[in-house]
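A.B. asks: I have a structure I would like to understand better, so I am pasting it below and will then ask my questions one at a time.
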Amino acid sequence: MRVLVTAGPTREALDPVRYLTNRSSGKMGYAMADAFARAGHQVLLVSGPTVLDIPEGVDFLPIESAAEMFEAVQRHIGRMDAAVFAAAVADYRPAVVADQKIKKTGETLTLELVRTPDILGSVRKDFGFTGTLVGFAAETENLLENARAKLARKGCDLVIANDVSKPGIGFDSDRNEVILVFPEHVEALPEDEKHHLAPRIVREIERLVAERGAK
Ligand code: PMT
């Protein structure tokens with residue numbers, strides 16, 4: 001099957017030398033892309049800036065900002081059988097990107113931020129995607145409740161929930177502990193290396209794609 005995977009953080013420019021970003025290393029998304037490729041699928045990895053090696057056999061599309069990731073997904077999603085959104089996309093960006101380096105003037109500096117496009121949320125509604133749609137939910141509280149809400153709101157077939165407040169898993173770690181949230185049931189996977197969890201999750205997505213094809 002053809003699958004698009006988003007991974008890594010986005011960078012939202014403030015001026016020519018500064019940006020807003022987050023703690024995502026890209027490890028979870030790259031592990032997913034690698035597992036899909038090893039299972040024989042065609043993968044397009046749309047990635048924010050990371051220091052990771054590009055997995056073998058994967059088509060690679062580097063982006064920086066949420067707006068660039070939005071455009072890349074919009075351009076390529078139409079020919080995909082499945083899409084997996086593991087990227088940690090900035091929800092807000094600076095309202096204005098200064099042309100010159102912002103100078104130290106006052107004792108405080110107030111930034112105005114504006115919303116970025118919700119890429120996962122646009123996939124069904126605005127891009128008309130009819131394939132299998134998988135999101136992640138990075139939560140620090142009410143993990144299941146928030147993941148279920150995202151599943152319904154964004155039209156996903158599966159949301160992979162991780163508690164990013166737990167030490168040793170989630171952001172910038174080799175390990176993760178996830179709960180697979182489907183419309184009708186949930187399944188908790190024990191903590192493991194991201195590279196071991198990914199093939200397990202890929203098998204679930206293969207099943208969802210097959211079920212969708214059979215309908
Ligand atoms: O990269 P690592 O260091 O390995 O860390 C892995 C991870 C914690 C980043 C990963 O497991 C994870 O949880 N990714 C999703 C992070 C996130 O931004 O979650 P969210 O709950 O804020 O967003 C929900 C979903 O909407 C996600 O699939 C996200 O990719 C997507 N989204 C969010 C905002 C936005 N503007 N566009 C989006 O597509």
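Every chain in the structure tokens takes a letter, A first, then B, and so on in the order presented; its residues are numbered from 1, and the ligands are numbered from 1 following the presented order.
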Would you give me, as a Markdown table, each residue of chain A having an atom within 6 Å of an atom of ligand 1, along with its shortest atom pair and that distance in Å to one decimal, using only C-alpha atoms and all ligand atoms and sorting by chain and residue number?
C.D. replies:
| residue | atom | partner | partner_atom_place_in_ligand_line | distance |
| --- | --- | --- | --- | --- |
| A:Gly8 | CA | ligand 1 | 1 (O) | 4.9 |
| A:Ser24 | CA | ligand 1 | 3 (O) | 3.7 |
| A:Ser25 | CA | ligand 1 | 3 (O) | 3.6 |
| A:Gly26 | CA | ligand 1 | 1 (O) | 3.4 |
| A:Lys27 | CA | ligand 1 | 4 (O) | 3.6 |
| A:Met28 | CA | ligand 1 | 4 (O) | 3.7 |
| A:Phe85 | CA | ligand 1 | 28 (O) | 4.2 |
| A:Ala86 | CA | ligand 1 | 14 (N) | 4.1 |
| A:Ala87 | CA | ligand 1 | 30 (O) | 4.2 |
| A:Ala88 | CA | ligand 1 | 18 (O) | 3.5 |
| A:Val89 | CA | ligand 1 | 34 (C) | 4.7 |
| A:Ala90 | CA | ligand 1 | 36 (N) | 5.8 |
| A:Asp91 | CA | ligand 1 | 36 (N) | 4.8 |
| A:Thr116 | CA | ligand 1 | 36 (N) | 5.5 |
| A:Pro117 | CA | ligand 1 | 36 (N) | 5.1 |
| A:Asp118 | CA | ligand 1 | 36 (N) | 3.7 |
| A:Ile119 | CA | ligand 1 | 39 (O) | 3.7 |
| A:Leu120 | CA | ligand 1 | 39 (O) | 3.7 |
| A:Gly135 | CA | ligand 1 | 28 (O) | 3.7 |
| A:Phe136 | CA | ligand 1 | 28 (O) | 3.8 |
| A:Ala137 | CA | ligand 1 | 21 (O) | 3.6 |
| A:Ala138 | CA | ligand 1 | 13 (O) | 4.0 |
| A:Asn162 | CA | ligand 1 | 13 (O) | 5.8 |
| A:Gly170 | CA | ligand 1 | 8 (C) | 4.3 |
| A:Phe171 | CA | ligand 1 | 3 (O) | 3.6 |
| A:Asp172 | CA | ligand 1 | 3 (O) | 3.4 |
| A:Ser173 | CA | ligand 1 | 3 (O) | 5.9 |
A.B. asks: Excluding segment 181-193 of chain A and residues on its chain fewer than 5 positions from it, collect all residues at most 10 Å away from it, counting only C-alpha atoms, and give them as a PyMOL selection string.
C.D. replies: chain A and resi 28+31+134-137+144+147-148+150-152+155-161+168-169+173-176+198+200-201
A.B. asks: Save the residues we just selected, C-alpha atoms, as a tab-separated table (two decimals), in the first residue's frame?
C.D. replies:
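This is the output file result.tsv:
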chain	number	residue	atom	x	y	z
A	28	MET	CA	8.35	7.66	16.58
A	31	ALA	CA	10.18	4.13	13.30
A	134	VAL	CA	-4.31	7.41	11.85
A	135	GLY	CA	-3.50	10.22	14.27
A	136	PHE	CA	-1.44	10.42	17.42
A	137	ALA	CA	-2.57	12.10	20.63
A	144	LEU	CA	-8.16	8.27	26.84
A	147	ALA	CA	-7.71	10.64	22.40
A	148	ARG	CA	-11.33	9.53	21.88
A	150	LYS	CA	-9.58	13.51	18.63
A	151	LEU	CA	-10.59	10.23	16.98
A	152	ALA	CA	-14.16	11.48	16.47
A	155	GLY	CA	-12.42	11.42	11.46
A	156	CYS	CA	-9.64	8.95	12.31
A	157	ASP	CA	-9.82	5.16	12.16
A	158	LEU	CA	-7.23	4.89	14.91
A	159	VAL	CA	-5.62	7.30	17.37
A	160	ILE	CA	-2.37	6.28	19.05
A	161	ALA	CA	-2.39	7.87	22.49
A	168	GLY	CA	11.37	7.83	29.76
A	169	ILE	CA	8.74	7.64	27.02
A	173	SER	CA	13.03	8.97	23.86
A	174	ASP	CA	13.79	5.62	22.19
A	175	ARG	CA	10.83	4.14	24.07
A	176	ASN	CA	7.10	4.69	24.15
A	198	ALA	CA	6.07	0.37	15.16
A	200	ARG	CA	3.01	-3.99	15.77
A	201	ILE	CA	1.11	-0.77	14.93
A.B. asks: I'd like to know which of A:Glu204, A:Asp99, A:Glu141, A:Glu177 is closest to Asp15 of chain A, using only C-alpha atoms.
C.D. replies: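 Ranked by minimum distance to Asp15 of chain A, first place goes to A:Asp99.
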A.B. asks: When you draw a straight line from atom CA of Ser165 of chain A to atom CA of Ala149 of chain A, how long is it in Å?
C.D. replies: 19.2 Å
A.B. asks: Once DSSP has gone over the backbone, tell me which residues of segment 1-199 of chain A are in strand (DSSP E), as a VMD selection string.
C.D. replies: chain A and resid 2 to 7 12 to 15 18 to 20 42 to 47 58 to 62 82 to 85 92 to 94 113 to 115 132 to 139 158 to 163 175 to 176 178 to 181 186 to 188 192 to 193
A.B. asks: Rounded to one decimal in Å, what is the spacing between atom CA of Ser65 of chain A and atom CA of Gly128 of chain A?
C.D. replies: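 About the pair atom CA of Ser65 of chain A and atom CA of Gly128 of chain A: they are 22.8 Å apart.
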A.B. asks: Leaving out Tyr92 of chain A and any residue of its chain fewer than 4 positions from it, which residues lie within 10 Å of it when counting only C-alpha atoms, given as a list in words?
C.D. replies: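 The contact residues come out as Glu12, Leu20, Thr21, Ala66, Glu112, Leu113, Val114, Arg115, Thr116 and Pro117 of chain A.
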A.B. asks: With N, CA and C atoms retained, could you export that selection as a tab-separated table (two decimals), in the first residue's frame?
C.D. replies:
chain	number	residue	atom	x	y	z
A	12	GLU	N	8.55	27.38	13.67
A	12	GLU	CA	7.77	28.56	13.27
A	12	GLU	C	8.64	29.79	13.48
A	20	LEU	N	10.04	29.11	16.98
A	20	LEU	CA	9.36	28.35	18.05
A	20	LEU	C	9.27	26.91	17.59
A	21	THR	N	9.53	25.98	18.50
A	21	THR	CA	9.45	24.57	18.14
A	21	THR	C	9.06	23.74	19.36
A	66	ALA	N	4.58	24.44	9.96
A	66	ALA	CA	3.27	23.79	9.86
A	66	ALA	C	2.63	24.08	8.50
A	112	GLU	N	2.74	37.96	19.66
A	112	GLU	CA	1.37	37.60	19.28
A	112	GLU	C	1.45	36.33	18.43
A	113	LEU	N	0.68	35.32	18.82
A	113	LEU	CA	0.69	34.05	18.10
A	113	LEU	C	-0.67	33.84	17.44
A	114	VAL	N	-0.66	33.22	16.27
A	114	VAL	CA	-1.92	32.89	15.58
A	114	VAL	C	-1.95	31.39	15.31
A	115	ARG	N	-3.13	30.83	15.17
A	115	ARG	CA	-3.29	29.40	14.96
A	115	ARG	C	-2.67	28.96	13.64
A	116	THR	N	-2.09	27.78	13.63
A	116	THR	CA	-1.63	27.15	12.39
A	116	THR	C	-2.78	26.26	11.88
A	117	PRO	N	-2.72	25.84	10.61
A	117	PRO	CA	-3.79	24.94	10.14
A	117	PRO	C	-3.70	23.59	10.84
